[in-house]
>>> print(open('work39.pdb').read())   # PDB, C-alpha atoms
ATOM      1  CA  MET A 833      16.312   6.473  14.710
ATOM      2  CA  THR A 834      14.828   3.317  16.211
ATOM      3  CA  ALA A 835      12.991   0.834  14.060
ATOM      4  CA  PRO A 836       9.267   0.432  14.672
ATOM      5  CA  THR A 837       8.292  -2.414  16.966
ATOM      6  CA  TYR A 838       6.272  -5.425  15.921
ATOM      7  CA  LEU A 839       3.284  -3.968  17.801
ATOM      8  CA  GLU A 840       3.545  -0.613  15.993
ATOM      9  CA  LEU A 841       3.711  -2.352  12.614
ATOM     10  CA  LYS A 842       0.857  -4.649  13.624
ATOM     11  CA  LYS A 843      -1.340  -1.646  14.428
ATOM     12  CA  GLU A 844      -0.446  -0.046  11.079
ATOM     13  CA  LEU A 845      -1.292  -3.265   9.234
ATOM     14  CA  ILE A 846      -4.587  -3.617  11.090
ATOM     15  CA  THR A 847      -5.458  -0.039  10.152
ATOM     16  CA  ALA A 848      -4.733  -0.814   6.478
ATOM     17  CA  LEU A 849      -6.873  -3.960   6.662
ATOM     18  CA  ASP A 850      -9.698  -2.025   8.319
ATOM     19  CA  ILE A 851      -9.622   0.656   5.603
ATOM     20  CA  HIS A 852      -9.620  -2.060   2.954
ATOM     21  CA  ILE A 853     -12.613  -3.832   4.525
ATOM     22  CA  ASP A 854     -14.509  -0.525   4.652
ATOM     23  CA  LEU A 855     -13.625  -0.010   0.991
ATOM     24  CA  LEU A 856     -15.028  -3.432   0.093
ATOM     25  CA  LYS A 857     -18.277  -2.563   1.867
ATOM     26  CA  ASP A 858     -18.476   0.666  -0.153
ATOM     27  CA  THR A 859     -18.641  -0.972  -3.586
ATOM     28  CA  SER A 860     -22.401  -1.210  -3.945
ATOM     29  CA  LEU A 861     -22.483   0.871  -7.116
ATOM     30  CA  ILE A 862     -19.669   0.914  -9.653
ATOM     31  CA  ALA A 863     -19.946   2.995 -12.805
ATOM     32  CA  PRO A 864     -18.863   0.884 -15.800
ATOM     33  CA  GLU A 865     -16.400   3.537 -17.000
ATOM     34  CA  HIS A 866     -14.505   3.262 -13.687
ATOM     35  CA  LEU A 867     -14.484  -0.534 -13.441
ATOM     36  CA  ASP A 868     -10.999  -1.082 -14.902
ATOM     37  CA  GLY A 869      -9.400   1.279 -12.403
ATOM     38  CA  ILE A 870     -11.331  -0.167  -9.475
ATOM     39  CA  MET A 871     -10.445  -3.731 -10.453
ATOM     40  CA  PHE A 872      -6.792  -2.759 -10.787
ATOM     41  CA  MET A 873      -6.846  -1.150  -7.341
ATOM     42  CA  MET A 874      -8.610  -4.114  -5.714
ATOM     43  CA  ARG A 875      -6.212  -6.653  -7.251
ATOM     44  CA  SER A 876      -3.304  -4.533  -6.054
ATOM     45  CA  PHE A 877      -4.660  -4.529  -2.505
ATOM     46  CA  GLY A 878      -5.096  -8.290  -2.774
ATOM     47  CA  PHE A 879      -1.383  -8.713  -3.552
ATOM     48  CA  MET A 880      -0.423  -6.180  -0.893
ATOM     49  CA  LEU A 881      -2.403  -7.718   1.929
ATOM     50  CA  ASP A 882      -2.452 -11.392   0.923
ATOM     51  CA  ARG A 883      -0.056 -12.615   3.630
ATOM     52  CA  ALA A 884      -1.375 -10.311   6.365
ATOM     53  CA  PRO A 885      -3.531 -12.863   8.253
ATOM     54  CA  LYS A 886      -0.689 -15.419   8.456
ATOM     55  CA  VAL A 887       1.847 -12.795   9.553
ATOM     56  CA  LEU A 888      -0.526 -11.516  12.229
ATOM     57  CA  LEU A 889      -1.168 -15.050  13.453
ATOM     58  CA  ASP A 890       2.496 -16.102  13.553
ATOM     59  CA  GLU A 891       3.716 -12.948  15.372
ATOM     60  CA  ASP A 892       7.107 -13.150  13.618
ATOM     61  CA  SER A 893       8.878  -9.753  13.673
ATOM     62  CA  GLU A 894      11.029 -10.485  10.620
ATOM     63  CA  GLU A 895       8.008 -11.563   8.576
ATOM     64  CA  MET A 896       6.103  -8.465   9.740
ATOM     65  CA  ASN A 897       8.986  -6.237   8.627
ATOM     66  CA  PHE A 898       9.094  -7.922   5.237
ATOM     67  CA  LEU A 899       5.318  -7.712   4.798
ATOM     68  CA  MET A 900       5.221  -4.048   5.745
ATOM     69  CA  PHE A 901       8.152  -3.218   3.444
ATOM     70  CA  GLN A 902       6.261  -4.949   0.655
ATOM     71  CA  TYR A 903       2.989  -3.197   1.590
ATOM     72  CA  TYR A 904       4.585   0.262   1.530
ATOM     73  CA  SER A 905       6.411  -0.436  -1.745
ATOM     74  CA  LEU A 906       3.311  -1.768  -3.474
ATOM     75  CA  LEU A 907       1.152   1.045  -2.105
ATOM     76  CA  SER A 908       3.577   3.564  -3.550
ATOM     77  CA  GLU A 909       3.461   1.797  -6.924
ATOM     78  CA  LEU A 910      -0.345   1.700  -6.774
ATOM     79  CA  LYS A 911      -0.459   5.457  -6.212
ATOM     80  CA  TYR A 912       1.746   6.030  -9.246
ATOM     81  CA  ASN A 913      -0.231   3.636 -11.431
ATOM     82  CA  LEU A 914      -3.596   5.119 -10.500
ATOM     83  CA  ARG A 915      -2.374   8.668 -11.154
ATOM     84  CA  LEU A 916      -0.847   7.666 -14.497
ATOM     85  CA  ASN A 917      -3.411   5.173 -15.805
ATOM     86  CA  TYR A 918      -6.706   5.885 -14.024
ATOM     87  CA  PRO A 919      -6.607   9.542 -12.917
ATOM     88  CA  HIS A 920     -10.360  10.025 -13.369
ATOM     89  CA  ALA A 921     -11.575   6.694 -11.957
ATOM     90  CA  LYS A 922     -13.908   6.978  -8.974
ATOM     91  CA  LEU A 923     -15.627   4.765  -6.459
ATOM     92  CA  GLN A 924     -18.781   6.163  -4.853
ATOM     93  CA  SER A 925     -17.842   9.619  -6.240
ATOM     94  CA  ARG A 926     -14.389   9.510  -4.600
ATOM     95  CA  PRO A 927     -11.347   9.529  -6.893
ATOM     96  CA  LEU A 928      -9.310   6.346  -6.496
ATOM     97  CA  THR A 929      -6.248   8.539  -6.096
ATOM     98  CA  ASP A 930      -7.841  10.036  -2.964
ATOM     99  CA  ILE A 931      -8.885   6.642  -1.635
ATOM    100  CA  VAL A 932      -5.346   5.234  -1.686
ATOM    101  CA  GLN A 933      -4.078   8.306   0.169
ATOM    102  CA  SER A 934      -6.088   7.166   3.213
ATOM    103  CA  PHE A 935      -3.940   4.044   3.636
ATOM    104  CA  PRO A 936      -1.283   4.484   6.336
ATOM    105  CA  THR A 937       2.397   5.017   5.540
ATOM    106  CA  THR A 938       3.717   5.885   9.002
ATOM    107  CA  TYR A 939       6.760   3.588   8.925
ATOM    108  CA  GLU A 940       7.487   3.575   5.188
ATOM    109  CA  ASN A 941      10.928   5.190   5.520
ATOM    110  CA  ASP A 942      11.823   2.953   8.472
ATOM    111  CA  MET A 943      11.025  -0.141   6.434
ATOM    112  CA  LYS A 944      13.130   1.129   3.522
ATOM    113  CA  ILE A 945      16.051   1.579   5.906
ATOM    114  CA  TRP A 946      15.437  -1.912   7.343
ATOM    115  CA  TRP A 947      15.399  -3.428   3.835
ATOM    116  CA  GLU A 948      18.545  -1.593   2.788
ATOM    117  CA  GLY A 949      20.316  -2.773   5.951
ATOM    118  CA  LEU A 950      19.171  -6.349   5.409
ATOM    119  CA  THR A 951      19.970  -6.594   1.708
ATOM    120  CA  GLY A 952      22.536  -3.877   1.054
ATOM    121  CA  LEU A 953      20.322  -2.699  -1.812
ATOM    122  CA  HIS A 954      19.327   0.967  -2.146
ATOM    123  CA  VAL A 955      15.593   1.650  -2.356
ATOM    124  CA  ASP A 956      14.910   4.528  -4.735
ATOM    125  CA  ASP A 957      11.845   6.656  -4.016
ATOM    126  CA  SER A 958      10.918   6.827  -7.679
ATOM    127  CA  LYS A 959       9.193   4.344  -9.919
ATOM    128  CA  GLN A 960      11.708   2.124 -11.706
ATOM    129  CA  THR A 961      12.007   4.177 -14.869
ATOM    130  CA  ILE A 962      10.447   7.536 -14.031
ATOM    131  CA  GLU A 963      10.273  10.042 -11.248
ATOM    132  CA  ILE A 964       7.392  12.474 -10.998
ATOM    133  CA  ASN A 965       7.881  14.752  -8.018
ATOM    134  CA  ASP A 966       4.274  15.931  -7.774
ATOM    135  CA  LEU A 967       3.136  12.313  -7.292
ATOM    136  CA  ASN A 968       5.120  12.017  -4.068
ATOM    137  CA  ASP A 969       2.590  13.937  -1.965
TER     138      ASP A 969
END
>>> encode(input="work39.pdb", output="structure tokens")
Amino acid sequence: MTAPTYLELKKELITALDIHIDLLKDTSLIAPEHLDGIMFMMRSFGFMLDRAPKVLLDEDSEEMNFLMFQYYSLLSELKYNLRLNYPHAKLQSRPLTDIVQSFPTTYENDMKIWWEGLTGLHVDDSKQTIEINDLND
């Protein structure tokens, strides 16, 4: 298996940023009972995508790999947290759990393999203390 190229990862990151920008434009009406979940999701995306502009500008393959590994890991954690803590939260009538499914994960396994090769650490597919198989869809 060959690792994804910088260009492939760049396209994936740009897709994630584009989805996030569309999501920000779609927040005209937020029901108060869903605000906590939406704020949690938005803060999570902020942490996930914070370094994206600099990495795109610098065109550094190693930094892109690290950013995308972090993005995929944090996206996975966000999915778990939304399902566990905010399963009924919605934005514009769409469940937050459905919204996060639209974010790309094309090279997630490749980035886990890259990280394991770089650090020698095994990346488990489960949350740190629990594994819920039906959340892995």
>>> resolve_selection(input="work39.pdb", expression="the PyMOL selection byres ((chain A and resi 935-937) around 8)", output="list in words")
Glu844, Thr847, Ala848, Ile851, Tyr904, Ile931, Val932, Gln933, Ser934, Thr938, Tyr939 and Glu940 of chain A
>>> resolve_selection(input="work39.pdb", expression="the PyMOL selection byres ((chain A and resi 945) around 12)", output="compact mmCIF listing (two decimals) with C-alpha atoms, in the coordinates of the input")
# COMPACT_ATOMS: atom_id res chain seq x y z
CA MET A 833 16.31 6.47 14.71
CA THR A 834 14.83 3.32 16.21
CA ALA A 835 12.99 0.83 14.06
CA PRO A 836 9.27 0.43 14.67
CA ASN A 897 8.99 -6.24 8.63
CA PHE A 898 9.09 -7.92 5.24
CA PHE A 901 8.15 -3.22 3.44
CA TYR A 939 6.76 3.59 8.93
CA GLU A 940 7.49 3.58 5.19
CA ASN A 941 10.93 5.19 5.52
CA ASP A 942 11.82 2.95 8.47
CA MET A 943 11.02 -0.14 6.43
CA LYS A 944 13.13 1.13 3.52
CA TRP A 946 15.44 -1.91 7.34
CA TRP A 947 15.40 -3.43 3.84
CA GLU A 948 18.55 -1.59 2.79
CA GLY A 949 20.32 -2.77 5.95
CA LEU A 950 19.17 -6.35 5.41
CA THR A 951 19.97 -6.59 1.71
CA GLY A 952 22.54 -3.88 1.05
CA LEU A 953 20.32 -2.70 -1.81
CA HIS A 954 19.33 0.97 -2.15
CA VAL A 955 15.59 1.65 -2.36
CA ASP A 956 14.91 4.53 -4.74
CA ASP A 957 11.84 6.66 -4.02
>>> atom_distance(input="work39.pdb", atom1="CA of Leu849 (chain A)", atom2="CA of Tyr912 (chain A)")
20.7 Å
>>> atom_distance(input="work39.pdb", atom1="CA of Ser908 (chain A)", atom2="CA of Leu861 (chain A)")
26.4 Å
>>> atom_distance(input="work39.pdb", atom1="CA of Leu914 (chain A)", atom2="CA of Gly869 (chain A)")
7.2 Å
>>> resolve_selection(input="work39.pdb", expression="the PyMOL selection byres ((chain A and resi 868) around 12)", output="number ranges by chain")
A: 862-867, 869-875, 914, 917-923, 928
>>> closest_residue(input="work39.pdb", among="A:Met896, A:Arg915, A:Phe877, A:Tyr903", to="Leu855 (chain A)", atoms="all atoms listed in the file")
A:Phe877
>>> axis_aligned_box(input="work39.pdb", around="region 911-917 of chain A", padding_each_side="3 Å", output="lines of an AutoDock Vina configuration file")
center_x = -0.9
center_y = 6.2
center_z = -11.0
size_x = 11.3
size_y = 11.0
size_z = 15.6
>>> residues_around(input="work39.pdb", residues="region 887-894 of chain A", least_positions_apart="2", cutoff="10 Å", atoms="all atoms listed in the file", output="list of chain:residue names")
A:Thr837, A:Tyr838, A:Leu839, A:Leu841, A:Lys842, A:Leu845, A:Ile846, A:Asp882, A:Arg883, A:Ala884, A:Pro885, A:Met896, A:Asn897, A:Phe898, A:Leu899, A:Met900
>>> write_last_selection(input="work39.pdb", atoms="C-alpha atoms", output="tab-separated table (two decimals), in the frame of the given file")
chain	number	residue	atom	x	y	z
A	837	THR	CA	8.29	-2.41	16.97
A	838	TYR	CA	6.27	-5.42	15.92
A	839	LEU	CA	3.28	-3.97	17.80
A	841	LEU	CA	3.71	-2.35	12.61
A	842	LYS	CA	0.86	-4.65	13.62
A	845	LEU	CA	-1.29	-3.26	9.23
A	846	ILE	CA	-4.59	-3.62	11.09
A	882	ASP	CA	-2.45	-11.39	0.92
A	883	ARG	CA	-0.06	-12.62	3.63
A	884	ALA	CA	-1.38	-10.31	6.36
A	885	PRO	CA	-3.53	-12.86	8.25
A	896	MET	CA	6.10	-8.46	9.74
A	897	ASN	CA	8.99	-6.24	8.63
A	898	PHE	CA	9.09	-7.92	5.24
A	899	LEU	CA	5.32	-7.71	4.80
A	900	MET	CA	5.22	-4.05	5.74
>>> closest_residue(input="work39.pdb", among="A:Glu840, A:Gln924, A:Phe879, A:Ser905", to="Leu856 (chain A)", atoms="all atoms listed in the file")
A:Gln924
>>> closest_residue(input="work39.pdb", among="A:Asp854, A:Thr929, A:Leu910, A:Glu895", to="Met880 (chain A)", atoms="all atoms listed in the file")
A:Leu910
>>> build_atoms(input="work39.pdb", residues="region 937-948 of chain A", atoms="all heavy atoms", output="PDB file, in the frame of the given file")
ATOM      1  N   THR A 937       1.005   5.143   5.982  1.00  0.00           N
ATOM      2  CA  THR A 937       2.397   5.017   5.540  1.00  0.00           C
ATOM      3  C   THR A 937       3.368   5.478   6.628  1.00  0.00           C
ATOM      4  O   THR A 937       4.471   5.929   6.349  1.00  0.00           O
ATOM      5  CB  THR A 937       2.641   5.850   4.265  1.00  0.00           C
ATOM      6  OG1 THR A 937       2.319   7.212   4.541  1.00  0.00           O
ATOM      7  CG2 THR A 937       1.818   5.346   3.088  1.00  0.00           C
ATOM      8  N   THR A 938       2.959   5.359   7.872  1.00  0.00           N
ATOM      9  CA  THR A 938       3.717   5.885   9.002  1.00  0.00           C
ATOM     10  C   THR A 938       5.169   5.426   9.033  1.00  0.00           C
ATOM     11  O   THR A 938       6.069   6.218   9.286  1.00  0.00           O
ATOM     12  CB  THR A 938       3.042   5.483  10.329  1.00  0.00           C
ATOM     13  OG1 THR A 938       1.671   5.851  10.284  1.00  0.00           O
ATOM     14  CG2 THR A 938       3.727   6.140  11.517  1.00  0.00           C
ATOM     15  N   TYR A 939       5.412   4.157   8.771  1.00  0.00           N
ATOM     16  CA  TYR A 939       6.760   3.588   8.925  1.00  0.00           C
ATOM     17  C   TYR A 939       7.416   3.253   7.591  1.00  0.00           C
ATOM     18  O   TYR A 939       8.345   2.458   7.533  1.00  0.00           O
ATOM     19  CB  TYR A 939       6.691   2.350   9.818  1.00  0.00           C
ATOM     20  CG  TYR A 939       6.030   2.645  11.153  1.00  0.00           C
ATOM     21  CD1 TYR A 939       4.752   2.184  11.432  1.00  0.00           C
ATOM     22  CD2 TYR A 939       6.676   3.415  12.102  1.00  0.00           C
ATOM     23  CE1 TYR A 939       4.136   2.481  12.639  1.00  0.00           C
ATOM     24  CE2 TYR A 939       6.073   3.716  13.315  1.00  0.00           C
ATOM     25  CZ  TYR A 939       4.803   3.243  13.576  1.00  0.00           C
ATOM     26  OH  TYR A 939       4.206   3.546  14.774  1.00  0.00           O
ATOM     27  N   GLU A 940       6.958   3.883   6.519  1.00  0.00           N
ATOM     28  CA  GLU A 940       7.487   3.575   5.188  1.00  0.00           C
ATOM     29  C   GLU A 940       9.002   3.788   5.115  1.00  0.00           C
ATOM     30  O   GLU A 940       9.732   2.909   4.641  1.00  0.00           O
ATOM     31  CB  GLU A 940       6.783   4.437   4.139  1.00  0.00           C
ATOM     32  CG  GLU A 940       7.228   4.146   2.729  1.00  0.00           C
ATOM     33  CD  GLU A 940       6.428   4.915   1.688  1.00  0.00           C
ATOM     34  OE1 GLU A 940       5.625   5.794   2.058  1.00  0.00           O
ATOM     35  OE2 GLU A 940       6.616   4.614   0.510  1.00  0.00           O
ATOM     36  N   ASN A 941       9.488   4.928   5.576  1.00  0.00           N
ATOM     37  CA  ASN A 941      10.928   5.190   5.520  1.00  0.00           C
ATOM     38  C   ASN A 941      11.708   4.237   6.415  1.00  0.00           C
ATOM     39  O   ASN A 941      12.804   3.792   6.055  1.00  0.00           O
ATOM     40  CB  ASN A 941      11.230   6.642   5.874  1.00  0.00           C
ATOM     41  CG  ASN A 941      10.797   7.582   4.775  1.00  0.00           C
ATOM     42  OD1 ASN A 941      10.788   7.226   3.601  1.00  0.00           O
ATOM     43  ND2 ASN A 941      10.412   8.793   5.153  1.00  0.00           N
ATOM     44  N   ASP A 942      11.162   3.904   7.571  1.00  0.00           N
ATOM     45  CA  ASP A 942      11.823   2.953   8.472  1.00  0.00           C
ATOM     46  C   ASP A 942      11.982   1.589   7.812  1.00  0.00           C
ATOM     47  O   ASP A 942      13.015   0.929   7.965  1.00  0.00           O
ATOM     48  CB  ASP A 942      11.027   2.798   9.776  1.00  0.00           C
ATOM     49  CG  ASP A 942      10.960   4.079  10.568  1.00  0.00           C
ATOM     50  OD1 ASP A 942      12.022   4.661  10.857  1.00  0.00           O
ATOM     51  OD2 ASP A 942       9.827   4.515  10.891  1.00  0.00           O
ATOM     52  N   MET A 943      10.959   1.171   7.087  1.00  0.00           N
ATOM     53  CA  MET A 943      11.025  -0.141   6.434  1.00  0.00           C
ATOM     54  C   MET A 943      11.990  -0.127   5.244  1.00  0.00           C
ATOM     55  O   MET A 943      12.637  -1.130   4.965  1.00  0.00           O
ATOM     56  CB  MET A 943       9.631  -0.597   6.003  1.00  0.00           C
ATOM     57  CG  MET A 943       8.701  -0.929   7.165  1.00  0.00           C
ATOM     58  SD  MET A 943       9.250  -2.359   8.163  1.00  0.00           S
ATOM     59  CE  MET A 943      10.250  -1.604   9.433  1.00  0.00           C
ATOM     60  N   LYS A 944      12.121   1.012   4.578  1.00  0.00           N
ATOM     61  CA  LYS A 944      13.130   1.129   3.522  1.00  0.00           C
ATOM     62  C   LYS A 944      14.531   0.993   4.116  1.00  0.00           C
ATOM     63  O   LYS A 944      15.380   0.289   3.569  1.00  0.00           O
ATOM     64  CB  LYS A 944      12.997   2.465   2.788  1.00  0.00           C
ATOM     65  CG  LYS A 944      11.807   2.539   1.873  1.00  0.00           C
ATOM     66  CD  LYS A 944      11.715   3.905   1.208  1.00  0.00           C
ATOM     67  CE  LYS A 944      10.461   4.023   0.380  1.00  0.00           C
ATOM     68  NZ  LYS A 944      10.290   5.343  -0.191  1.00  0.00           N
ATOM     69  N   ILE A 945      14.746   1.658   5.233  1.00  0.00           N
ATOM     70  CA  ILE A 945      16.051   1.579   5.906  1.00  0.00           C
ATOM     71  C   ILE A 945      16.310   0.150   6.368  1.00  0.00           C
ATOM     72  O   ILE A 945      17.421  -0.378   6.220  1.00  0.00           O
ATOM     73  CB  ILE A 945      16.110   2.574   7.081  1.00  0.00           C
ATOM     74  CG1 ILE A 945      16.096   4.004   6.544  1.00  0.00           C
ATOM     75  CG2 ILE A 945      17.318   2.314   7.968  1.00  0.00           C
ATOM     76  CD1 ILE A 945      15.842   5.068   7.601  1.00  0.00           C
ATOM     77  N   TRP A 946      15.292  -0.514   6.912  1.00  0.00           N
ATOM     78  CA  TRP A 946      15.437  -1.912   7.343  1.00  0.00           C
ATOM     79  C   TRP A 946      15.833  -2.785   6.151  1.00  0.00           C
ATOM     80  O   TRP A 946      16.740  -3.602   6.244  1.00  0.00           O
ATOM     81  CB  TRP A 946      14.132  -2.402   7.963  1.00  0.00           C
ATOM     82  CG  TRP A 946      14.105  -3.878   8.191  1.00  0.00           C
ATOM     83  CD1 TRP A 946      14.671  -4.553   9.242  1.00  0.00           C
ATOM     84  CD2 TRP A 946      13.514  -4.864   7.337  1.00  0.00           C
ATOM     85  NE1 TRP A 946      14.466  -5.900   9.092  1.00  0.00           N
ATOM     86  CE2 TRP A 946      13.759  -6.129   7.936  1.00  0.00           C
ATOM     87  CE3 TRP A 946      12.804  -4.826   6.148  1.00  0.00           C
ATOM     88  CZ2 TRP A 946      13.316  -7.321   7.366  1.00  0.00           C
ATOM     89  CZ3 TRP A 946      12.367  -6.008   5.582  1.00  0.00           C
ATOM     90  CH2 TRP A 946      12.625  -7.235   6.187  1.00  0.00           C
ATOM     91  N   TRP A 947      15.132  -2.626   5.028  1.00  0.00           N
ATOM     92  CA  TRP A 947      15.399  -3.428   3.835  1.00  0.00           C
ATOM     93  C   TRP A 947      16.810  -3.177   3.309  1.00  0.00           C
ATOM     94  O   TRP A 947      17.527  -4.114   2.965  1.00  0.00           O
ATOM     95  CB  TRP A 947      14.360  -3.132   2.756  1.00  0.00           C
ATOM     96  CG  TRP A 947      14.561  -3.923   1.509  1.00  0.00           C
ATOM     97  CD1 TRP A 947      15.061  -3.465   0.330  1.00  0.00           C
ATOM     98  CD2 TRP A 947      14.288  -5.304   1.302  1.00  0.00           C
ATOM     99  NE1 TRP A 947      15.102  -4.472  -0.602  1.00  0.00           N
ATOM    100  CE2 TRP A 947      14.633  -5.616  -0.019  1.00  0.00           C
ATOM    101  CE3 TRP A 947      13.781  -6.306   2.121  1.00  0.00           C
ATOM    102  CZ2 TRP A 947      14.487  -6.894  -0.548  1.00  0.00           C
ATOM    103  CZ3 TRP A 947      13.628  -7.571   1.579  1.00  0.00           C
ATOM    104  CH2 TRP A 947      13.989  -7.856   0.279  1.00  0.00           C
ATOM    105  N   GLU A 948      17.205  -1.923   3.260  1.00  0.00           N
ATOM    106  CA  GLU A 948      18.545  -1.593   2.788  1.00  0.00           C
ATOM    107  C   GLU A 948      19.611  -2.203   3.692  1.00  0.00           C
ATOM    108  O   GLU A 948      20.622  -2.712   3.220  1.00  0.00           O
ATOM    109  CB  GLU A 948      18.717  -0.075   2.688  1.00  0.00           C
ATOM    110  CG  GLU A 948      17.937   0.527   1.547  1.00  0.00           C
ATOM    111  CD  GLU A 948      17.968   2.048   1.501  1.00  0.00           C
ATOM    112  OE1 GLU A 948      18.414   2.684   2.492  1.00  0.00           O
ATOM    113  OE2 GLU A 948      17.542   2.609   0.478  1.00  0.00           O
TER     114      GLU A 948
END
